[in-house]
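Structure data (mmCIF, C-alpha atoms) from entry.cif:
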```cif
data_entry
#
loop_
_atom_site.label_atom_id
_atom_site.label_comp_id
_atom_site.auth_asym_id
_atom_site.auth_seq_id
_atom_site.Cartn_x
_atom_site.Cartn_y
_atom_site.Cartn_z
CA MET A 1140 0.00 0.00 0.00
CA PHE A 1141 2.53 2.60 1.14
CA ASN A 1142 6.26 2.18 1.23
CA LYS A 1143 8.59 4.15 3.45
CA SER A 1144 10.65 5.76 0.69
CA SER A 1145 7.62 7.21 -1.11
CA ILE A 1146 6.19 8.60 2.13
CA PHE A 1147 9.46 10.22 3.20
CA GLY A 1148 10.07 11.48 -0.35
CA SER A 1149 6.65 13.12 -0.38
CA ILE A 1150 7.28 14.75 2.99
CA ALA A 1151 10.65 16.11 1.83
CA ALA A 1152 9.14 17.46 -1.41
CA LEU A 1153 6.34 19.13 0.54
CA ALA A 1154 8.83 20.73 2.94
CA LEU A 1155 10.92 22.00 0.02
CA LEU A 1156 7.83 23.43 -1.67
CA PHE A 1157 6.76 25.25 1.50
CA GLY A 1158 10.30 26.55 1.99
CA ILE A 1159 10.45 27.97 -1.52
CA ALA A 1160 6.97 29.48 -1.23
CA SER A 1161 7.79 31.20 2.06
CA ASN A 1162 11.04 32.63 0.66
CA VAL A 1163 9.17 34.07 -2.36
CA ALA A 1164 6.60 35.65 -0.04
CA ILE A 1165 9.36 37.16 2.13
CA ALA A 1166 11.18 38.54 -0.91
CA GLU A 1167 8.03 40.38 -1.99
CA MET A 1168 7.54 42.08 1.38
CA PRO A 1169 8.55 45.75 1.61
CA THR A 1170 11.59 46.22 3.78
CA HIS A 1171 11.23 49.89 4.78
CA SER A 1172 8.12 51.74 5.75
CA SER A 1173 8.03 55.45 6.44
CA GLU A 1174 4.91 55.37 8.56
CA GLN A 1175 4.20 53.31 11.67
CA THR A 1176 1.23 50.94 11.40
CA ASN A 1177 -0.45 48.47 13.70
CA GLN A 1178 0.07 45.60 11.28
CA PHE A 1179 2.36 42.66 11.83
CA ARG A 1180 6.04 43.18 11.22
CA ARG A 1181 8.73 40.72 10.31
CA ILE A 1182 10.94 39.29 13.05
CA GLU A 1183 14.37 38.02 12.02
CA GLN A 1184 15.37 34.63 13.40
CA PRO A 1185 18.60 32.66 13.01
CA LEU A 1186 18.77 30.14 10.18
CA ALA A 1187 19.71 27.34 12.61
CA LEU A 1188 16.45 27.90 14.51
CA LYS A 1189 14.41 27.73 11.32
CA ILE A 1190 16.16 24.50 10.28
CA GLY A 1191 15.68 23.01 13.76
CA VAL A 1192 11.96 23.78 13.84
CA THR A 1193 11.52 22.39 10.31
CA LEU A 1194 13.39 19.16 11.13
CA GLY A 1195 11.46 18.77 14.38
CA GLY A 1196 8.14 19.19 12.56
CA LEU A 1197 9.14 16.71 9.85
CA GLY A 1198 10.21 14.25 12.53
CA LEU A 1199 6.84 14.53 14.27
CA ILE A 1200 5.00 14.08 10.96
CA GLY A 1201 7.10 10.99 10.23
CA LEU A 1202 6.40 9.58 13.71
CA GLU A 1203 2.67 10.11 13.24
CA LEU A 1204 2.69 8.42 9.83
CA TRP A 1205 4.64 5.48 11.24
CA TRP A 1206 2.24 5.15 14.18
CA PHE A 1207 -0.92 5.11 12.09
CA LEU A 1208 0.21 3.49 8.84
CA LEU A 1209 3.31 1.40 9.37
CA SER A 1210 3.25 0.01 12.90
CA LYS A 1211 1.96 -3.53 13.13
CA ASN A 1212 -0.35 -4.87 15.80
CA LYS A 1213 1.01 -7.79 17.80
CA ALA A 1214 -0.73 -11.03 16.98
CA ALA A 1215 -1.39 -13.96 19.28
CA LYS A 1216 -2.52 -17.44 18.37
CA ALA A 1217 -5.35 -18.93 20.40
CA ASN A 1218 -4.53 -22.04 22.46
CA LEU A 1219 -6.48 -25.18 21.58
CA GLY A 1220 -7.66 -27.14 24.60
CA GLN A 1221 -10.64 -29.48 25.08
CA GLY A 1222 -11.92 -28.73 21.57
CA ILE A 1223 -12.12 -24.96 22.04
CA GLN A 1224 -9.68 -22.24 21.02
CA GLU A 1225 -9.11 -19.83 23.90
CA LEU A 1226 -7.24 -16.56 24.40
CA THR A 1227 -7.30 -13.75 26.95
CA ILE A 1228 -7.44 -10.17 25.65
CA ASN A 1229 -6.49 -7.35 28.03
CA VAL A 1230 -8.67 -4.26 27.63
CA ASP A 1231 -6.60 -1.30 28.84
CA GLY A 1232 -6.50 1.71 26.52
CA GLY A 1233 -7.21 -0.64 23.63
CA TYR A 1234 -7.02 -4.37 23.04
CA GLU A 1235 -3.86 -6.39 23.67
CA PRO A 1236 -3.39 -8.44 21.59
CA ALA A 1237 -5.31 -6.61 18.91
CA ARG A 1238 -4.91 -9.46 16.39
CA VAL A 1239 -6.07 -12.95 17.29
CA ILE A 1240 -5.30 -15.93 15.06
CA VAL A 1241 -7.71 -18.90 15.16
CA LYS A 1242 -8.71 -21.87 12.97
CA SER A 1243 -12.03 -22.00 11.14
CA GLY A 1244 -14.77 -24.42 12.12
CA LEU A 1245 -13.66 -24.73 15.76
CA PRO A 1246 -15.34 -22.90 18.66
CA VAL A 1247 -13.50 -19.81 19.95
CA ARG A 1248 -13.61 -18.33 23.44
CA LEU A 1249 -12.15 -14.84 23.83
CA ASN A 1250 -11.74 -13.86 27.48
CA PHE A 1251 -11.83 -10.07 27.75
CA PHE A 1252 -10.24 -8.70 30.96
CA ARG A 1253 -11.15 -5.02 31.27
CA SER A 1254 -8.98 -2.90 33.58
CA ASP A 1255 -9.68 0.46 31.88
CA PRO A 1256 -12.57 2.37 33.50
CA SER A 1257 -13.29 4.55 30.44
CA SER A 1258 -16.85 4.35 29.13
CA CYS A 1259 -15.67 3.69 25.56
CA LEU A 1260 -14.36 0.25 26.49
CA GLU A 1261 -17.45 -0.84 28.47
CA LYS A 1262 -18.73 -2.84 25.51
CA VAL A 1263 -17.19 -5.01 22.82
CA LEU A 1264 -18.89 -5.56 19.46
CA LEU A 1265 -18.33 -8.43 17.03
CA PRO A 1266 -20.75 -7.44 14.25
CA ASP A 1267 -20.01 -10.41 11.98
CA PHE A 1268 -21.19 -12.78 14.74
CA HIS A 1269 -24.03 -10.51 15.98
CA ILE A 1270 -22.41 -10.14 19.40
CA ALA A 1271 -22.58 -7.04 21.62
CA GLN A 1272 -21.31 -7.77 25.12
CA ASP A 1273 -20.84 -5.50 28.14
CA LEU A 1274 -17.44 -5.89 29.83
CA ALA A 1275 -17.37 -5.74 33.63
CA LEU A 1276 -14.52 -3.73 35.16
CA ASN A 1277 -11.68 -5.88 36.60
CA HIS A 1278 -13.46 -9.12 35.62
CA VAL A 1279 -13.02 -11.63 32.83
CA THR A 1280 -15.91 -11.71 30.35
CA PRO A 1281 -15.88 -14.75 28.04
CA ILE A 1282 -17.33 -14.44 24.53
CA GLU A 1283 -17.85 -17.60 22.49
CA PHE A 1284 -18.47 -18.02 18.77
CA THR A 1285 -17.55 -20.35 15.92
CA PRO A 1286 -16.05 -18.79 12.78
CA PRO A 1287 -17.50 -20.65 9.77
CA GLN A 1288 -14.85 -19.76 7.18
CA PRO A 1289 -11.39 -18.18 6.86
CA GLY A 1290 -11.20 -14.38 6.78
CA GLN A 1291 -10.75 -11.38 9.01
CA TYR A 1292 -13.47 -10.44 11.47
CA GLN A 1293 -13.23 -7.12 13.26
CA PHE A 1294 -14.17 -6.41 16.88
CA THR A 1295 -14.52 -2.87 18.24
CA CYS A 1296 -15.37 -0.95 21.37
CA GLY A 1297 -18.85 0.51 21.77
CA MET A 1298 -17.80 3.81 20.20
CA ASN A 1299 -15.80 2.22 17.34
CA MET A 1300 -12.61 3.98 18.47
CA PHE A 1301 -10.57 0.90 19.44
CA ARG A 1302 -10.38 -2.08 17.11
CA GLY A 1303 -9.08 -5.59 16.93
CA VAL A 1304 -9.17 -8.39 14.38
CA VAL A 1305 -9.90 -12.10 14.63
CA GLU A 1306 -7.95 -13.68 11.78
CA VAL A 1307 -9.44 -17.03 10.88
CA GLN A 1308 -7.17 -19.39 8.94
#
```
Would you give me this structure, written as structure tokens?
Amino acid sequence: MFNKSSIFGSIAALALLFGIASNVAIAEMPTHSSEQTNQFRRIEQPLALKIGVTLGGLGLIGLELWWFLLSKNKAAKANLGQGIQELTINVDGGYEPARVIVKSGLPVRLNFFRSDPSSCLEKVLLPDFHIAQDLALNHVTPIEFTPPQPGQYQFTCGMNMFRGVVEVQ
């Protein structure tokens, strides 16, 4: 989908374009004015400061892009015992693990342990299995279903802000 070199190349090109545009705008500004006005006036700053602020901003943009586009969720494979696949998911500012790997055709039990008191994480939704379950604070809430075929099935919080995936193989 996205590769790192194209993203960083686009960011560098955008920074260069903004740098050129700001220099053209500064060159067109009048340097001397005979009358005092209440408008904004130009403040000179050292070149090193401008470069530092630009590099810091680009670094933050890169970090944000990495966080949302390139970082991978940790996956965990459900343990098979007594004919049921079982895994515990910690609910604390999101779901950990956020990607669960199971086999199709076998029953699955996801044990949600909620330690986050926020109202967003009070409920978990698995729309593909028609499940909407309230999660008690500091208790394990088991949810059972059987995935019929391979694919990816999403689960979310009640407000659809936090997400996870059940990957059926």
When you look at Pro1286 (chain A) with a cut-off of 9 Å (counting only C-alpha atoms), what residues show up, excluding the ones that are within fewer than 4 positions of it in the same chain? I need them as a PyMOL selection string. chain A and resi 1241-1247+1268+1290+1292+1307
Result set, the PyMOL selection byres ((chain A and resi 1237) around 12) on current file, as a PyMOL selection string: chain A and resi 1211-1216+1226-1236+1238-1240+1249+1251+1292-1296+1301-1306
Exercise: Leu1197 (chain A) partners within 9 Å, all atoms listed in the file, chain neighbours under 5 positions left out, as a ChimeraX atom specification: /A:1150-1151,1154,1192,1202
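Distance-wise, CA of His1269 (chain A) and CA of Pro1289 (chain A) end up 17.4 Å apart.
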Quick one: apply the PyMOL selection byres ((chain A and resi 1147) around 12) to the file and drop the selected residues here as a VMD selection string. chain A and resid 1141 to 1146 1148 to 1154 1197 to 1198 1200 to 1202 1204 to 1205
